[in-house]
file query-v3.txt (compact mmCIF, C-alpha atoms and all ligand atoms)
# COMPACT_ATOMS: atom_id res chain seq x y z
CA MET A 1 -5.57 -12.32 -24.83
CA ILE A 2 -4.89 -11.58 -21.17
CA GLU A 3 -1.95 -9.22 -21.87
CA SER A 4 -4.04 -7.11 -24.21
CA ALA A 5 -7.27 -7.05 -22.16
CA ARG A 6 -8.61 -3.55 -21.65
CA CYS A 7 -9.05 -3.38 -17.89
CA VAL A 8 -10.96 -0.73 -16.01
CA VAL A 9 -10.39 -0.71 -12.26
CA LEU A 10 -12.59 1.25 -9.84
CA CYS A 11 -10.21 2.46 -7.17
CA GLY A 12 -9.90 3.88 -3.71
CA GLY A 13 -6.43 4.26 -2.21
CA VAL A 14 -4.08 1.70 -0.72
CA GLY A 15 -5.83 -1.63 -1.53
CA ALA A 16 -6.55 -0.54 -5.09
CA ALA A 17 -3.00 0.70 -5.62
CA ARG A 18 -1.57 -2.62 -4.45
CA PHE A 19 -3.96 -4.51 -6.71
CA LEU A 20 -2.99 -2.34 -9.69
CA SER A 21 0.70 -2.95 -9.05
CA GLY A 22 0.03 -6.67 -9.54
CA LEU A 23 -2.25 -6.16 -12.52
CA VAL A 24 0.41 -4.28 -14.47
CA ARG A 25 2.70 -7.30 -14.13
CA VAL A 26 0.10 -9.34 -16.05
CA VAL A 27 -1.48 -6.94 -18.55
CA ASP A 28 -0.04 -4.12 -20.64
CA PRO A 29 -0.22 -1.06 -18.30
CA ALA A 30 -1.24 1.14 -21.22
CA ARG A 31 -4.44 -0.97 -21.50
CA VAL A 32 -5.33 -0.35 -17.85
CA THR A 33 -7.56 2.56 -16.82
CA ALA A 34 -7.80 3.33 -13.12
CA ILE A 35 -10.91 5.33 -12.21
CA VAL A 36 -10.01 6.81 -8.84
CA ASN A 37 -12.11 8.21 -6.01
CA VAL A 38 -11.84 11.97 -5.52
CA ALA A 39 -14.32 12.38 -2.67
CA ASP A 40 -11.45 12.26 -0.09
CA ASP A 41 -9.83 15.29 -1.73
CA GLU A 42 -9.41 18.22 0.56
CA GLU A 43 -7.61 21.52 0.80
CA PHE A 44 -4.76 21.79 3.32
CA HIS A 45 -2.67 24.99 3.64
CA GLY A 46 -4.42 26.24 0.49
CA LEU A 47 -3.29 23.20 -1.50
CA HIS A 48 -5.50 20.69 -3.32
CA VAL A 49 -4.64 17.23 -1.97
CA SER A 50 -5.95 14.15 -3.82
CA PRO A 51 -4.97 11.29 -1.49
CA ASP A 52 -6.32 8.34 -3.48
CA LEU A 53 -4.97 9.59 -6.84
CA ASP A 54 -1.57 10.15 -5.23
CA THR A 55 -1.55 6.76 -3.53
CA VAL A 56 -2.18 5.08 -6.89
CA LEU A 57 0.34 7.36 -8.64
CA TYR A 58 3.15 6.84 -6.11
CA THR A 59 2.53 3.09 -5.91
CA LEU A 60 2.64 2.60 -9.67
CA ALA A 61 5.74 4.80 -9.85
CA GLY A 62 7.40 2.51 -7.27
CA LEU A 63 7.84 5.46 -4.89
CA VAL A 64 5.19 4.84 -2.25
CA ASP A 65 5.96 4.41 1.43
CA GLY A 66 5.00 0.75 1.50
CA THR A 67 4.61 0.57 5.28
CA ARG A 68 1.99 3.30 5.49
CA GLY A 69 0.65 2.60 2.01
CA TRP A 70 0.48 6.34 1.21
CA GLY A 71 2.97 9.18 0.83
CA LEU A 72 6.47 8.98 -0.58
CA LEU A 73 9.09 6.55 0.68
CA GLY A 74 11.82 8.34 2.62
CA ASP A 75 9.98 11.67 2.60
CA THR A 76 10.90 14.19 5.29
CA ASP A 77 8.74 16.52 7.38
CA ALA A 78 10.70 19.78 7.68
CA VAL A 79 7.80 21.87 6.34
CA GLN A 80 5.33 20.12 8.60
CA ARG A 81 7.47 20.85 11.67
CA ALA A 82 7.96 24.47 10.60
CA LEU A 83 4.19 24.85 10.15
CA ALA A 84 3.59 23.36 13.59
CA ARG A 85 6.03 25.92 15.10
CA LEU A 86 3.92 28.64 13.50
CA GLY A 87 0.86 27.21 15.20
CA ARG A 88 -0.78 25.72 12.15
CA ASP A 89 -2.83 22.51 12.24
CA THR A 90 -0.63 19.62 11.12
CA TRP A 91 -2.80 16.61 11.90
CA PHE A 92 -2.82 15.74 8.18
CA GLN A 93 0.79 14.80 7.45
CA LEU A 94 2.20 16.18 4.22
CA GLY A 95 5.80 15.21 3.52
CA ASP A 96 8.22 17.69 1.97
CA ARG A 97 8.43 15.99 -1.42
CA ASP A 98 4.73 15.10 -1.35
CA LEU A 99 4.04 18.83 -0.96
CA ALA A 100 5.65 19.42 -4.36
CA THR A 101 2.88 17.30 -5.93
CA HIS A 102 0.16 19.32 -4.18
CA ILE A 103 1.80 22.66 -5.05
CA HIS A 104 2.07 21.65 -8.70
CA ARG A 105 -1.50 20.28 -8.84
CA THR A 106 -2.90 23.40 -7.19
CA ALA A 107 -0.98 25.74 -9.50
CA LEU A 108 -2.22 23.93 -12.62
CA LEU A 109 -5.80 23.91 -11.31
CA ARG A 110 -5.56 27.67 -10.66
CA GLU A 111 -4.34 28.13 -14.24
CA GLY A 112 -7.64 26.60 -15.31
CA ARG A 113 -6.61 23.02 -16.05
CA THR A 114 -9.00 20.26 -15.02
CA LEU A 115 -8.15 17.63 -12.40
CA SER A 116 -7.99 14.99 -15.16
CA GLU A 117 -5.52 17.09 -17.16
CA VAL A 118 -3.41 17.65 -14.07
CA THR A 119 -3.55 13.95 -13.18
CA ALA A 120 -2.39 13.00 -16.68
CA ALA A 121 0.48 15.48 -16.38
CA LEU A 122 1.50 14.05 -13.00
CA ALA A 123 1.32 10.49 -14.35
CA ARG A 124 3.63 11.48 -17.24
CA ALA A 125 6.01 13.21 -14.86
CA PHE A 126 6.18 10.09 -12.66
CA GLY A 127 6.55 7.74 -15.64
CA VAL A 128 3.23 6.00 -14.98
CA THR A 129 1.69 4.57 -18.15
CA VAL A 130 -1.54 3.29 -16.59
CA ARG A 131 -4.28 5.73 -17.54
CA LEU A 132 -5.19 7.48 -14.30
CA LEU A 133 -8.60 9.10 -14.36
CA PRO A 134 -10.17 10.96 -11.48
CA SER A 135 -13.75 9.73 -11.25
CA SER A 136 -14.79 13.36 -11.69
CA ASP A 137 -13.33 16.78 -12.38
CA ASP A 138 -16.09 18.26 -10.23
CA PRO A 139 -15.80 18.64 -6.48
CA GLN A 140 -17.28 15.70 -4.60
CA ALA A 141 -16.98 15.30 -0.84
CA THR A 142 -17.65 12.33 1.41
CA LYS A 143 -19.29 13.23 4.69
CA VAL A 144 -19.56 10.85 7.62
CA ARG A 145 -22.22 11.14 10.29
CA ALA A 146 -20.81 10.39 13.73
CA ASP A 147 -22.84 10.47 16.93
CA ASP A 148 -22.03 14.17 17.35
CA GLY A 149 -22.84 15.22 13.79
CA TRP A 150 -21.54 15.29 10.23
CA LEU A 151 -17.77 15.29 9.66
CA ASP A 152 -15.60 15.91 6.63
CA PHE A 153 -14.02 12.66 5.51
CA GLN A 154 -10.41 13.41 6.51
CA GLU A 155 -11.58 14.88 9.81
CA TRP A 156 -13.23 11.54 10.54
CA PHE A 157 -10.54 9.34 8.98
CA VAL A 158 -7.29 11.01 10.02
CA ARG A 159 -7.95 13.63 12.69
CA ARG A 160 -10.29 11.42 14.71
CA ALA A 161 -8.58 8.22 13.50
CA THR A 162 -11.94 6.55 12.60
CA ARG A 163 -12.71 6.25 16.34
CA ASP A 164 -16.29 7.48 15.80
CA ALA A 165 -18.79 4.91 14.59
CA ALA A 166 -19.99 5.91 11.11
CA ARG A 167 -23.80 6.11 11.27
CA GLU A 168 -24.42 7.38 7.74
CA ILE A 169 -22.42 8.35 4.67
CA ARG A 170 -23.30 10.95 2.07
CA PHE A 171 -21.56 12.43 -0.94
CA GLU A 172 -21.85 16.14 -1.58
CA GLY A 173 -21.56 17.72 -5.00
CA ASP A 174 -23.23 16.94 -8.31
CA ALA A 175 -20.20 15.19 -9.71
CA ARG A 176 -20.20 14.38 -13.40
CA PRO A 177 -17.84 11.76 -14.80
CA ALA A 178 -14.44 13.02 -15.89
CA PRO A 179 -13.74 12.83 -19.64
CA GLY A 180 -12.98 9.27 -20.66
CA VAL A 181 -14.62 7.58 -17.67
CA LEU A 182 -17.83 6.42 -19.35
CA ASP A 183 -16.04 5.56 -22.63
CA ALA A 184 -13.44 3.46 -20.80
CA ILE A 185 -16.21 1.55 -19.00
CA ALA A 186 -18.10 0.95 -22.25
CA ALA A 187 -14.97 -0.24 -24.09
CA ALA A 188 -13.55 -2.42 -21.29
CA ASP A 189 -12.95 -6.16 -21.61
CA VAL A 190 -12.92 -6.47 -17.82
CA ILE A 191 -14.21 -4.14 -15.10
CA VAL A 192 -12.68 -4.68 -11.67
CA VAL A 193 -13.94 -3.34 -8.37
CA ALA A 194 -10.69 -3.16 -6.40
CA PRO A 195 -10.40 -4.45 -2.82
CA SER A 196 -11.25 -0.99 -1.46
CA ASN A 197 -13.74 0.24 1.09
CA PRO A 198 -17.21 -0.25 -0.47
CA PHE A 199 -18.70 2.75 1.37
CA VAL A 200 -16.13 5.54 1.17
CA SER A 201 -13.87 4.47 -1.72
CA ILE A 202 -16.04 2.66 -4.28
CA GLY A 203 -19.32 4.26 -3.10
CA PRO A 204 -18.38 7.78 -4.24
CA VAL A 205 -17.13 6.53 -7.63
CA LEU A 206 -20.46 4.76 -8.19
CA ALA A 207 -22.27 7.93 -7.06
CA VAL A 208 -20.77 10.00 -9.90
CA ALA A 209 -23.62 10.66 -12.34
CA GLY A 210 -24.01 7.83 -14.84
CA VAL A 211 -21.13 5.65 -13.64
CA ARG A 212 -23.20 2.88 -12.06
CA GLU A 213 -25.53 2.82 -15.08
CA ALA A 214 -22.55 2.69 -17.46
CA ILE A 215 -21.19 -0.33 -15.59
CA GLU A 216 -24.59 -2.03 -15.64
CA ARG A 217 -24.82 -1.46 -19.40
CA ALA A 218 -21.23 -2.43 -20.20
CA PRO A 219 -20.73 -5.75 -21.97
CA ALA A 220 -17.62 -6.54 -19.90
CA PRO A 221 -17.84 -8.84 -16.88
CA VAL A 222 -17.56 -7.01 -13.55
CA VAL A 223 -15.34 -8.68 -10.94
CA ALA A 224 -15.02 -7.46 -7.35
CA VAL A 225 -12.36 -8.47 -4.86
CA SER A 226 -13.44 -8.61 -1.23
CA PRO A 227 -11.61 -6.11 1.00
CA ILE A 228 -12.74 -8.18 3.99
CA VAL A 229 -10.88 -11.38 4.84
CA GLY A 230 -11.84 -13.55 7.79
CA GLY A 231 -14.16 -10.82 9.07
CA GLU A 232 -11.41 -8.17 9.10
CA ALA A 233 -10.48 -5.37 6.76
CA LEU A 234 -7.13 -5.70 5.00
CA LYS A 235 -6.59 -2.04 5.88
CA GLY A 236 -8.70 0.78 7.23
CA PRO A 237 -12.17 1.01 8.71
CA ALA A 238 -14.22 -1.18 6.32
CA ALA A 239 -15.01 -3.86 8.93
CA ALA A 240 -16.10 -1.33 11.58
CA MET A 241 -18.20 0.47 8.96
CA LEU A 242 -19.97 -2.71 7.89
CA ALA A 243 -20.94 -3.21 11.54
CA SER A 244 -21.98 0.38 12.30
CA LEU A 245 -23.95 0.68 9.05
CA GLY A 246 -25.85 -2.54 9.69
CA TYR A 247 -24.17 -5.08 7.40
CA GLU A 248 -22.71 -8.46 8.17
CA VAL A 249 -18.97 -8.04 8.80
CA SER A 250 -17.74 -10.47 6.19
CA ALA A 251 -17.10 -10.87 2.49
CA LEU A 252 -20.80 -11.79 2.26
CA GLY A 253 -21.72 -8.39 3.71
CA VAL A 254 -19.65 -6.72 0.96
CA ALA A 255 -21.15 -8.98 -1.72
CA ARG A 256 -24.65 -7.87 -0.63
CA ILE A 257 -23.64 -4.22 -1.22
CA TYR A 258 -22.48 -5.06 -4.76
CA ARG A 259 -25.48 -7.23 -5.62
CA GLY A 260 -26.84 -6.48 -9.08
CA LEU A 261 -23.62 -4.75 -10.16
CA VAL A 262 -21.03 -7.49 -9.94
CA ASP A 263 -20.91 -10.73 -11.96
CA ALA A 264 -18.04 -12.41 -10.15
CA PHE A 265 -16.70 -12.05 -6.61
CA VAL A 266 -13.25 -13.09 -5.44
CA ILE A 267 -13.01 -14.10 -1.78
CA ASP A 268 -10.11 -15.36 0.26
CA ASP A 269 -9.43 -19.04 0.94
CA ARG A 270 -10.28 -18.58 4.59
CA ASP A 271 -13.79 -17.38 3.64
CA ALA A 272 -14.53 -20.43 1.47
CA ALA A 273 -17.55 -21.32 3.63
CA LEU A 274 -19.28 -18.10 2.46
CA ALA A 275 -19.17 -19.11 -1.21
CA PRO A 276 -22.64 -20.73 -1.41
CA HIS A 277 -24.24 -17.68 0.26
CA ILE A 278 -22.59 -15.34 -2.25
CA ASP A 279 -23.45 -17.62 -5.14
CA VAL A 280 -27.19 -17.22 -4.39
CA LEU A 281 -26.78 -13.45 -4.82
CA GLY A 282 -26.16 -14.19 -8.51
CA MET A 283 -22.36 -13.86 -8.44
CA ARG A 284 -19.87 -16.48 -9.57
CA VAL A 285 -17.52 -16.97 -6.65
CA THR A 286 -13.79 -17.59 -6.90
CA VAL A 287 -12.00 -18.71 -3.75
CA ALA A 288 -8.27 -17.91 -3.81
CA PRO A 289 -5.48 -16.31 -1.77
CA THR A 290 -6.18 -12.56 -1.75
CA ILE A 291 -3.66 -11.15 0.75
CA MET A 292 -1.22 -9.03 -1.30
CA ARG A 293 1.84 -9.51 0.90
CA ASP A 294 4.43 -9.44 -1.90
CA ALA A 295 4.78 -8.91 -5.63
CA ALA A 296 4.11 -12.58 -6.42
CA ALA A 297 0.88 -12.54 -4.39
CA LYS A 298 -0.28 -9.34 -6.12
CA GLU A 299 0.40 -10.83 -9.54
CA SER A 300 -1.38 -14.03 -8.58
CA LEU A 301 -4.46 -12.06 -7.43
CA ALA A 302 -4.49 -10.21 -10.76
CA ARG A 303 -4.45 -13.53 -12.62
CA THR A 304 -7.25 -14.83 -10.39
CA VAL A 305 -9.37 -11.77 -11.19
CA LEU A 306 -8.77 -12.08 -14.93
CA SER A 307 -9.69 -15.74 -14.95
CA ALA A 308 -12.81 -14.99 -12.85
CA ALA A 309 -13.74 -12.47 -15.55
CA GLU A 310 -13.12 -15.09 -18.23
CA GLY A 311 -15.37 -17.54 -16.36
CA ALA A 312 -18.12 -14.94 -16.01
CA ARG A 313 -17.89 -14.05 -19.69
CA ALA A 314 -18.05 -17.69 -20.77
CA ALA A 315 -21.14 -18.24 -18.60
CA THR A 316 -23.16 -15.50 -20.30
N1 LIG B 1 -3.54 9.02 6.25
C1 LIG B 1 -3.40 9.08 7.58
O1 LIG B 1 -3.86 8.19 8.28
N2 LIG B 1 -2.80 10.18 8.18
C2 LIG B 1 -2.28 11.20 7.46
O2 LIG B 1 -1.74 12.15 8.03
C3 LIG B 1 -2.37 11.11 6.02
C4 LIG B 1 -1.82 12.08 5.20
C5 LIG B 1 -1.84 11.90 3.80
C6 LIG B 1 -1.22 12.81 2.96
C7 LIG B 1 -1.23 12.64 1.60
C8 LIG B 1 -1.89 11.53 1.05
O3 LIG B 1 -1.89 11.37 -0.28
C9 LIG B 1 -2.52 10.62 1.86
C10 LIG B 1 -2.51 10.79 3.25
N3 LIG B 1 -3.13 9.88 4.11
C11 LIG B 1 -3.03 9.99 5.46
C12 LIG B 1 -3.92 8.79 3.57
C13 LIG B 1 -5.37 9.20 3.27
O4 LIG B 1 -5.95 9.99 4.26
C14 LIG B 1 -6.25 7.98 3.13
O5 LIG B 1 -5.53 6.86 2.73
C15 LIG B 1 -7.32 8.11 2.10
O6 LIG B 1 -7.93 9.34 2.01
C16 LIG B 1 -8.35 6.97 2.24
O7 LIG B 1 -8.26 6.21 1.12

call {"tool": "encode", "arguments": {"input": "query-v3.txt", "output": "structure tokens"}}
result
Amino acid sequence: MIESARCVVLCGGVGAARFLSGLVRVVDPARVTAIVNVADDEEFHGLHVSPDLDTVLYTLAGLVDGTRGWGLLGDTDAVQRALARLGRDTWFQLGDRDLATHIHRTALLREGRTLSEVTAALARAFGVTVRLLPSSDDPQATKVRADDGWLDFQEWFVRRATRDAAREIRFEGDARPAPGVLDAIAAADVIVVAPSNPFVSIGPVLAVAGVREAIERAPAPVVAVSPIVGGEALKGPAAAMLASLGYEVSALGVARIYRGLVDAFVIDDRDAALAPHIDVLGMRVTVAPTIMRDAAAKESLARTVLSAAEGARAAT
């Protein structure tokens, strides 16, 4: 049953990509649909860059720079250096081979193709059989309010290196779900909320019109993996954001955000003491190793998630 389970995974970037790379070792990749955040997308040098889609794409293709978690392994920066010599802003690093992806995506979009069509074409070109769906074909943009005003997401995340406390988050654009998103959710055997940032990775996916409601209606169990372990984020600013936005900085703080949406919650061994507090939120808790340090650990986390889903299904 496990190998043929239809899995839908709500995804941000690096954490989700790593989770997916373990999941495809356990289930048939063709049965996996990744619904990926597009609210980090931005134009640089006239090119449409979709960081989270590319992180998932490159990771599943086995081409990602594993140290950074994004971009292509062994990529070079000749274009970036040439642009800097011309006086252009280069705070957002785009590698030479990575630029080919953005040039191709932008050209296809200008020809009138949708982001989901372009994403499917890129997945084919990279030999990725997981179904990659942008959460929306419409523009959606995360904005972060710092003490000195509202910032574009990448301005806050990369240019200012998340140094500013995030006081408020909003998503601009009336994004409708991309074709296939709501159907995949309705037909899923398991819906997974990846170990991604709940505010700026999963938040925008849930803010796409009808997505949250589709998940609430779906018969499949919904399992989330905590991106916070021992009070710290596995990667990125999730812990600092929990604090600045008024949540407890722990897996429990994340569970409170997902209350009412998630049936089962996977937390790390070192957070075992939080289990009873999460349980009272109406979630079945699984305590297991969640740090994805190697392929075996990623595969083991995927198995943990699938058995948590099985447990949640059996309980209903
Ligand atoms: N993250 C950085 O911290 N600095 C960068 O210069 C940067 C460039 C970049 C280029 C292409 C791409 O696909 C991702 C890139 N990222 C960079 C990662 C990205 O900003 C974030 O991982 C996501 O937007 C948050 O999930």

call {"tool": "axis_aligned_box", "arguments": {"input": "query-v3.txt", "around": "ligand LIG 1 (chain B)", "padding_each_side": "5 Å", "output": "lines of an AutoDock Vina configuration file"}}
result
center_x = -4.8
center_y = 9.5
center_z = 4.0
size_x = 17.1
size_y = 16.6
size_z = 18.6

call {"tool": "closest_atom_pairs", "arguments": {"input": "query-v3.txt", "of": "stretch 60-155 of chain A", "to": "stretch 164-168 of chain A", "cutoff": "12 Å", "atoms": "all atoms listed in the file", "output": "tab-separated table"}}
result
residue	atom	partner	partner_atom	distance
A:Thr142	CA	A:Glu168	CA	10.5
A:Lys143	CA	A:Glu168	CA	8.4
A:Val144	CA	A:Glu168	CA	6.0
A:Arg145	CA	A:Glu168	CA	5.0
A:Ala146	CA	A:Ala166	CA	5.3
A:Asp147	CA	A:Arg167	CA	7.2
A:Asp148	CA	A:Asp164	CA	9.0
A:Gly149	CA	A:Arg167	CA	9.5
A:Trp150	CA	A:Glu168	CA	8.8
A:Leu151	CA	A:Ala166	CA	9.7
A:Asp152	CA	A:Ala166	CA	11.8
A:Phe153	CA	A:Ala166	CA	10.6
A:Glu155	CA	A:Asp164	CA	10.6

call {"tool": "residues_near_point", "arguments": {"input": "query-v3.txt", "point": "(-13.2, -1.0, 9.6)", "cutoff": "12 Å", "atoms": "all atoms listed in the file", "output": "MDAnalysis selection string"}}
result
chainID A and resid 157 161:166 196:200 227:229 231:245 247 249:250

call {"tool": "closest_residue", "arguments": {"input": "query-v3.txt", "among": "A:Val158, A:Ala187, A:Ile278, A:Ala264", "to": "ligand LIG 1 (chain B)", "atoms": "all atoms listed in the file"}}
result
A:Val158

call {"tool": "residues_near_ligand", "arguments": {"input": "query-v3.txt", "ligand": "ligand LIG 1 (chain B)", "cutoff": "7 Å", "atoms": "all atoms listed in the file", "output": "ChimeraX atom specification"}}
result
/A:12-14,40,49-52,54-55,70-71,91-94,154,157-158,201

call {"tool": "write_last_selection", "arguments": {"input": "query-v3.txt", "atoms": "C-alpha atoms", "output": "PDB file, in the frame of the given file"}}
result
ATOM      1  CA  GLY A  12      -9.900   3.880  -3.710  1.00  0.00           C
ATOM      2  CA  GLY A  13      -6.430   4.260  -2.210  1.00  0.00           C
ATOM      3  CA  VAL A  14      -4.080   1.700  -0.720  1.00  0.00           C
ATOM      4  CA  ASP A  40     -11.450  12.260  -0.090  1.00  0.00           C
ATOM      5  CA  VAL A  49      -4.640  17.230  -1.970  1.00  0.00           C
ATOM      6  CA  SER A  50      -5.950  14.150  -3.820  1.00  0.00           C
ATOM      7  CA  PRO A  51      -4.970  11.290  -1.490  1.00  0.00           C
ATOM      8  CA  ASP A  52      -6.320   8.340  -3.480  1.00  0.00           C
ATOM      9  CA  ASP A  54      -1.570  10.150  -5.230  1.00  0.00           C
ATOM     10  CA  THR A  55      -1.550   6.760  -3.530  1.00  0.00           C
ATOM     11  CA  TRP A  70       0.480   6.340   1.210  1.00  0.00           C
ATOM     12  CA  GLY A  71       2.970   9.180   0.830  1.00  0.00           C
ATOM     13  CA  TRP A  91      -2.800  16.610  11.900  1.00  0.00           C
ATOM     14  CA  PHE A  92      -2.820  15.740   8.180  1.00  0.00           C
ATOM     15  CA  GLN A  93       0.790  14.800   7.450  1.00  0.00           C
ATOM     16  CA  LEU A  94       2.200  16.180   4.220  1.00  0.00           C
ATOM     17  CA  GLN A 154     -10.410  13.410   6.510  1.00  0.00           C
ATOM     18  CA  PHE A 157     -10.540   9.340   8.980  1.00  0.00           C
ATOM     19  CA  VAL A 158      -7.290  11.010  10.020  1.00  0.00           C
ATOM     20  CA  SER A 201     -13.870   4.470  -1.720  1.00  0.00           C
TER      21      SER A 201
END

call {"tool": "atom_distance", "arguments": {"input": "query-v3.txt", "atom1": "atom CA of A:Arg303", "atom2": "atom CA of A:Arg124"}}
result
26.7 Å

call {"tool": "closest_residue", "arguments": {"input": "query-v3.txt", "among": "A:Ala272, A:Ala188, A:Ala141, A:Ala288", "to": "A:Glu42", "atoms": "all atoms listed in the file"}}
result
A:Ala141

call {"tool": "residues_around", "arguments": {"input": "query-v3.txt", "residues": "A:Ile2", "least_positions_apart": "6", "cutoff": "10 Å", "atoms": "only C-alpha atoms", "output": "list in words"}}
result
Val26, Val27, Asp28, Asp189, Arg303, Leu306, Ser307 and Glu310 of chain A

call {"tool": "atom_distance", "arguments": {"input": "query-v3.txt", "atom1": "atom CA of A:Cys11", "atom2": "atom CA of A:Ile103"}}
result
23.6 Å

call {"tool": "atom_distance", "arguments": {"input": "query-v3.txt", "atom1": "atom CA of A:Ile291", "atom2": "atom CA of A:Leu122"}}
result
29.2 Å

call {"tool": "closest_atom_pairs", "arguments": {"input": "query-v3.txt", "of": "stretch 210-280 of chain A", "to": "stretch 135-138 of chain A", "cutoff": "12 Å", "atoms": "all atoms listed in the file", "output": "tab-separated table"}}
result
residue	atom	partner	partner_atom	distance
A:Gly210	CA	A:Ser135	CA	11.0
A:Val211	CA	A:Ser135	CA	8.8
A:Arg212	CA	A:Ser135	CA	11.7

call {"tool": "closest_residue", "arguments": {"input": "query-v3.txt", "among": "A:Glu213, A:Leu115, A:Phe44, A:Val36", "to": "A:Asp89", "atoms": "all atoms listed in the file"}}
result
A:Phe44

call {"tool": "closest_residue", "arguments": {"input": "query-v3.txt", "among": "A:Ala314, A:Pro221, A:Ala275, A:Gly46", "to": "A:Arg110", "atoms": "only C-alpha atoms"}}
result
A:Gly46

call {"tool": "build_atoms", "arguments": {"input": "query-v3.txt", "residues": "stretch 264-270 of chain A", "atoms": "all heavy atoms", "output": "mmCIF file, in the coordinates of the input"}}
result
data_model
loop_
_atom_site.group_PDB
_atom_site.id
_atom_site.type_symbol
_atom_site.label_atom_id
_atom_site.label_comp_id
_atom_site.auth_asym_id
_atom_site.auth_seq_id
_atom_site.Cartn_x
_atom_site.Cartn_y
_atom_site.Cartn_z
ATOM 1 N N ALA A 264 -18.914 -11.421 -10.784
ATOM 2 C CA ALA A 264 -18.040 -12.410 -10.150
ATOM 3 C C ALA A 264 -17.391 -11.770 -8.929
ATOM 4 O O ALA A 264 -17.070 -10.579 -8.940
ATOM 5 C CB ALA A 264 -16.966 -12.870 -11.134
ATOM 6 N N PHE A 265 -17.208 -12.578 -7.884
ATOM 7 C CA PHE A 265 -16.700 -12.050 -6.610
ATOM 8 C C PHE A 265 -15.559 -12.942 -6.159
ATOM 9 O O PHE A 265 -15.713 -14.173 -6.092
ATOM 10 C CB PHE A 265 -17.848 -12.047 -5.592
ATOM 11 C CG PHE A 265 -17.622 -11.130 -4.422
ATOM 12 C CD1 PHE A 265 -17.580 -9.748 -4.582
ATOM 13 C CD2 PHE A 265 -17.481 -11.646 -3.143
ATOM 14 C CE1 PHE A 265 -17.389 -8.907 -3.493
ATOM 15 C CE2 PHE A 265 -17.298 -10.808 -2.044
ATOM 16 C CZ PHE A 265 -17.248 -9.427 -2.222
ATOM 17 N N VAL A 266 -14.424 -12.321 -5.874
ATOM 18 C CA VAL A 266 -13.250 -13.090 -5.440
ATOM 19 C C VAL A 266 -13.133 -12.954 -3.918
ATOM 20 O O VAL A 266 -13.040 -11.841 -3.390
ATOM 21 C CB VAL A 266 -11.966 -12.564 -6.124
ATOM 22 C CG1 VAL A 266 -10.742 -13.335 -5.609
ATOM 23 C CG2 VAL A 266 -12.084 -12.686 -7.646
ATOM 24 N N ILE A 267 -13.148 -14.105 -3.240
ATOM 25 C CA ILE A 267 -13.010 -14.100 -1.780
ATOM 26 C C ILE A 267 -11.780 -14.912 -1.404
ATOM 27 O O ILE A 267 -11.282 -15.722 -2.191
ATOM 28 C CB ILE A 267 -14.267 -14.648 -1.060
ATOM 29 C CG1 ILE A 267 -14.547 -16.106 -1.472
ATOM 30 C CG2 ILE A 267 -15.466 -13.768 -1.341
ATOM 31 C CD1 ILE A 267 -15.673 -16.753 -0.650
ATOM 32 N N ASP A 268 -11.322 -14.686 -0.186
ATOM 33 C CA ASP A 268 -10.110 -15.360 0.260
ATOM 34 C C ASP A 268 -10.394 -16.810 0.655
ATOM 35 O O ASP A 268 -11.512 -17.146 1.061
ATOM 36 C CB ASP A 268 -9.535 -14.614 1.473
ATOM 37 C CG ASP A 268 -8.125 -15.058 1.794
ATOM 38 O OD1 ASP A 268 -7.203 -14.657 1.060
ATOM 39 O OD2 ASP A 268 -7.953 -15.835 2.762
ATOM 40 N N ASP A 269 -9.338 -17.620 0.542
ATOM 41 C CA ASP A 269 -9.430 -19.040 0.940
ATOM 42 C C ASP A 269 -10.110 -19.217 2.297
ATOM 43 O O ASP A 269 -10.916 -20.119 2.488
ATOM 44 C CB ASP A 269 -8.018 -19.637 1.052
ATOM 45 C CG ASP A 269 -7.417 -19.881 -0.320
ATOM 46 O OD1 ASP A 269 -8.194 -20.115 -1.268
ATOM 47 O OD2 ASP A 269 -6.177 -19.834 -0.437
ATOM 48 N N ARG A 270 -9.744 -18.334 3.242
ATOM 49 C CA ARG A 270 -10.280 -18.580 4.590
ATOM 50 C C ARG A 270 -11.773 -18.237 4.698
ATOM 51 O O ARG A 270 -12.389 -18.510 5.722
ATOM 52 C CB ARG A 270 -9.441 -17.884 5.654
ATOM 53 C CG ARG A 270 -9.544 -16.420 5.730
ATOM 54 C CD ARG A 270 -8.449 -15.854 6.576
ATOM 55 N NE ARG A 270 -7.196 -15.846 5.817
ATOM 56 C CZ ARG A 270 -6.105 -15.191 6.183
ATOM 57 N NH1 ARG A 270 -6.082 -14.543 7.311
ATOM 58 N NH2 ARG A 270 -5.035 -15.198 5.426
#
